[in-house]
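Only one structure is covered here, and it is reproduced in the block below.
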Amino acid sequence: MAAKKKGSARKRRKVKVIVFILELIVLLVVLAALYVSIKMSKLDSGEKIKEEDHKVNEDIKDQTVEALEKYRNIALFGLDNRSNGNFEEGNSDVIIICSINEKTKEVKLVSVYRDTYLDMTDSKHGFRKANAAYAYGGYTQAVNMLNVNLDLDIKDYVSFDFNAVASAVDILGGVEIEITNQEASAMTGFIEEVARLSGKKANYLSKGGTYLLDGVQATAYARVRQTAGSDYKRTERQRLVIQKMVEKALQSDIMTINNLIDEIFPKIKTSFTSAELLLLAKDAFSYHLGENTGFPFEKQGINLGYALDCVAPVDLAYNVEQLHKFLFENEDYEVSYTVQQISDQIVKDTGLKRKETTGNGSN
């Protein structure tokens with residue numbers, strides 16, 4: 001009888017231990033969820049682009065729609081407001097299409113040159129430089145400008161300023177980049193300005209070399225365009241800084257990621273909700289950077305007076321065709337009638353028409 005009582009007592013203790021462990025697991029899950037919720041609440045989650053305001057070409061071909069459904073496309077806008085935390089206006093001097101292949105997790109980046117002569121997609125401004133769209137109508141008009149001119153269906157965006165980039169690079173421990181003598185000299189003024197705007201220390205570079213750039217230096221490097229290649233070369237620098245930051249982030253520990261959330265999320269504006277970011281984050285270490293390039297592929301600088309110095313796509317229809325082949329491997333892509341009309345108008349305004357060639361397809 002005594003043995004039975006001892007056995008029953010052991011069973012009750014075992015059940016209590018199991019219940020305690022289950023309660024502890026539940027508590028940990030709740031605390032983890034609360035922690036994530038608190039972290040995500042730091043994010044300035046911008047409003048979604050309203051459905052009635054979202055523009056996409058209705059005449060996009062069916063095969064293009066099917067191709068786009070296999071990718072998540074995000075617009076990245078770097079604002080040159082000479083101030084921090086203002087995401088409602090200003091020229092977007094960084095315009096990058098980030099395209100994620102949902103199956104392979106390959107990420108491709110395409111910089112749209114800020115001076116590209118495109119349709120502003122409103123009834124007031126006509127054709128202007130691409131970076132003006134954000135100034136005219138914020139992220140909604142900037143996204144619509146990309147969609148209408150490039151036959152895309154982007155709904156998500158991330159807007160950031162100088163301060164966010166500088167802080168992120170510092171938290172990641174800097175990025176290693178090779179600098180030329182010309183770049184080191186051109187960075188001086190930008191280092192001074194970024195340091196003043198961000199409240200960080202200015203560390204100048206006396207000559208070229210391979211450096212572990214701090215946040216101010218990396219941001220200044222990404223802004224340089226007073227060298228050979230002008231704005232085209234600057235967009236290469238911007239994509240290189242992003243590439244180096246991604247590489248560092250994927251190698252970072254949980255403490256570094258935690259610091260990034262605390263420091264950076266309040267300094268950006270995005271359409272993503274907390275839940276959507278968590279879904280993206282779960283595959284973060286599966287992502288890998290693929291090729292990157294600038295748009296338009298074939299172009300020519302031209303002064304149009306009212307629009308100042310622009311980059312003319314030569315011509316837009318051809319360049320959009322090449323864009324879809326690059327991003328979505330859509331070899332059968334045909335531009336929509338809308339894009340063809342925009343392309344024809346650009347030819348009319350600039351007088352620049354692509355000559356049909358054989359061979360490598362260059363002008």
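Going by the structure tokens order, chains are called A, B, ..., each with residues numbered from 1, while ligands are numbered from 1 in the order shown.
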
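All residues of protein, DNA or RNA that reach within 9 Å of Asp315 in chain A, judged by only C-alpha atoms and not counting those fewer than 5 positions away in the chain, are A:Pro296, A:Glu298, A:Lys299, A:Val320, A:Ser343, A:Asp344, A:Ile346, A:Val347, A:Leu352, A:Lys353, A:Arg354.
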
Give me a file of those residues, with all heavy atoms, as a tab-separated table (two decimals), in the first residue's frame.
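What follows is the written file again-v2.tsv:
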```tsv
chain	number	residue	atom	x	y	z
A	296	PRO	N	18.59	54.05	-66.93
A	296	PRO	CA	18.48	53.21	-68.12
A	296	PRO	C	19.83	52.63	-68.55
A	296	PRO	O	20.86	53.19	-68.27
A	296	PRO	CB	17.92	54.16	-69.17
A	296	PRO	CG	18.34	55.53	-68.71
A	296	PRO	CD	18.35	55.49	-67.23
A	298	GLU	N	20.77	52.04	-71.80
A	298	GLU	CA	21.25	52.89	-72.90
A	298	GLU	C	20.66	54.27	-72.71
A	298	GLU	O	19.44	54.42	-72.55
A	298	GLU	CB	20.88	52.29	-74.26
A	298	GLU	CG	21.60	50.98	-74.51
A	298	GLU	CD	21.57	50.58	-75.98
A	298	GLU	OE1	21.26	51.43	-76.84
A	298	GLU	OE2	21.87	49.41	-76.26
A	299	LYS	N	21.52	55.28	-72.71
A	299	LYS	CA	21.11	56.61	-72.27
A	299	LYS	C	21.98	57.67	-72.92
A	299	LYS	O	23.04	57.37	-73.49
A	299	LYS	CB	21.25	56.69	-70.75
A	299	LYS	CG	22.67	56.36	-70.29
A	299	LYS	CD	22.75	56.02	-68.83
A	299	LYS	CE	24.17	55.62	-68.43
A	299	LYS	NZ	24.61	54.36	-69.06
A	320	VAL	N	13.13	49.46	-70.94
A	320	VAL	CA	12.19	48.73	-70.08
A	320	VAL	C	12.20	47.24	-70.45
A	320	VAL	O	12.11	46.37	-69.57
A	320	VAL	CB	10.77	49.32	-70.18
A	320	VAL	CG1	9.76	48.46	-69.42
A	320	VAL	CG2	10.75	50.74	-69.63
A	343	SER	N	7.42	56.35	-74.16
A	343	SER	CA	8.67	56.26	-74.90
A	343	SER	C	8.64	57.17	-76.13
A	343	SER	O	9.60	57.90	-76.41
A	343	SER	CB	8.93	54.81	-75.32
A	343	SER	OG	10.17	54.69	-75.98
A	344	ASP	N	7.53	57.15	-76.85
A	344	ASP	CA	7.40	57.98	-78.05
A	344	ASP	C	7.45	59.47	-77.70
A	344	ASP	O	8.03	60.27	-78.44
A	344	ASP	CB	6.08	57.67	-78.76
A	344	ASP	CG	6.06	56.28	-79.39
A	344	ASP	OD1	7.15	55.69	-79.55
A	344	ASP	OD2	4.95	55.78	-79.68
A	346	ILE	N	9.04	60.80	-75.10
A	346	ILE	CA	10.42	61.12	-74.75
A	346	ILE	C	11.26	61.33	-76.01
A	346	ILE	O	12.09	62.24	-76.10
A	346	ILE	CB	11.03	60.03	-73.85
A	346	ILE	CG1	10.34	60.03	-72.48
A	346	ILE	CG2	12.54	60.24	-73.67
A	346	ILE	CD1	10.75	58.91	-71.56
A	347	VAL	N	11.04	60.48	-77.01
A	347	VAL	CA	11.73	60.63	-78.30
A	347	VAL	C	11.39	61.98	-78.92
A	347	VAL	O	12.25	62.70	-79.43
A	347	VAL	CB	11.37	59.48	-79.26
A	347	VAL	CG1	11.91	59.77	-80.67
A	347	VAL	CG2	11.93	58.16	-78.75
A	352	LEU	N	15.96	61.97	-79.43
A	352	LEU	CA	16.88	60.84	-79.34
A	352	LEU	C	16.12	59.53	-79.54
A	352	LEU	O	15.26	59.17	-78.74
A	352	LEU	CB	17.58	60.82	-77.98
A	352	LEU	CG	18.44	62.06	-77.66
A	352	LEU	CD1	18.93	62.02	-76.22
A	352	LEU	CD2	19.62	62.14	-78.63
A	353	LYS	N	16.44	58.83	-80.61
A	353	LYS	CA	15.81	57.57	-80.93
A	353	LYS	C	16.87	56.50	-81.08
A	353	LYS	O	17.88	56.71	-81.74
A	353	LYS	CB	15.01	57.70	-82.24
A	353	LYS	CG	14.44	56.40	-82.79
A	353	LYS	CD	13.32	55.87	-81.93
A	353	LYS	CE	12.68	54.64	-82.57
A	353	LYS	NZ	11.63	54.05	-81.72
A	354	ARG	N	16.65	55.37	-80.47
A	354	ARG	CA	17.62	54.28	-80.56
A	354	ARG	C	17.66	53.73	-81.99
A	354	ARG	O	16.64	53.47	-82.60
A	354	ARG	CB	17.26	53.16	-79.59
A	354	ARG	CG	18.25	52.00	-79.60
A	354	ARG	CD	17.91	50.97	-78.54
A	354	ARG	NE	18.88	49.90	-78.58
A	354	ARG	CZ	18.78	48.82	-79.33
A	354	ARG	NH1	17.73	48.68	-80.12
A	354	ARG	NH2	19.70	47.88	-79.31
```

DSSP strand (DSSP E) selection over range 128-308 of chain A, as a VMD selection string:
chain A and resid 128 to 129 156 to 160 175 to 179 209 to 213 268 to 270 288 to 295 299 to 303

Need to verify the contact set: Val169 in chain A, 12 Å, only C-alpha atoms, exclusion of same-chain residues closer than 4 positions in sequence. Can you return it as a PyMOL selection string? chain A and resi 162-165+173-176+212-220+241-249+256+259-260+263-264

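Comparing the minimum interatomic distances between Phe265 in chain A and each of A:Asp231, A:Glu51, A:Glu331, A:Asp161, counting only C-alpha atoms, we find that A:Asp161 sits nearest.
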
List the spatial neighbours of range 310-312 of chain A as a count of residues only - criterion: any atom at most 8 Å away, only C-alpha atoms, same-chain residues fewer than 3 positions off excluded. 16
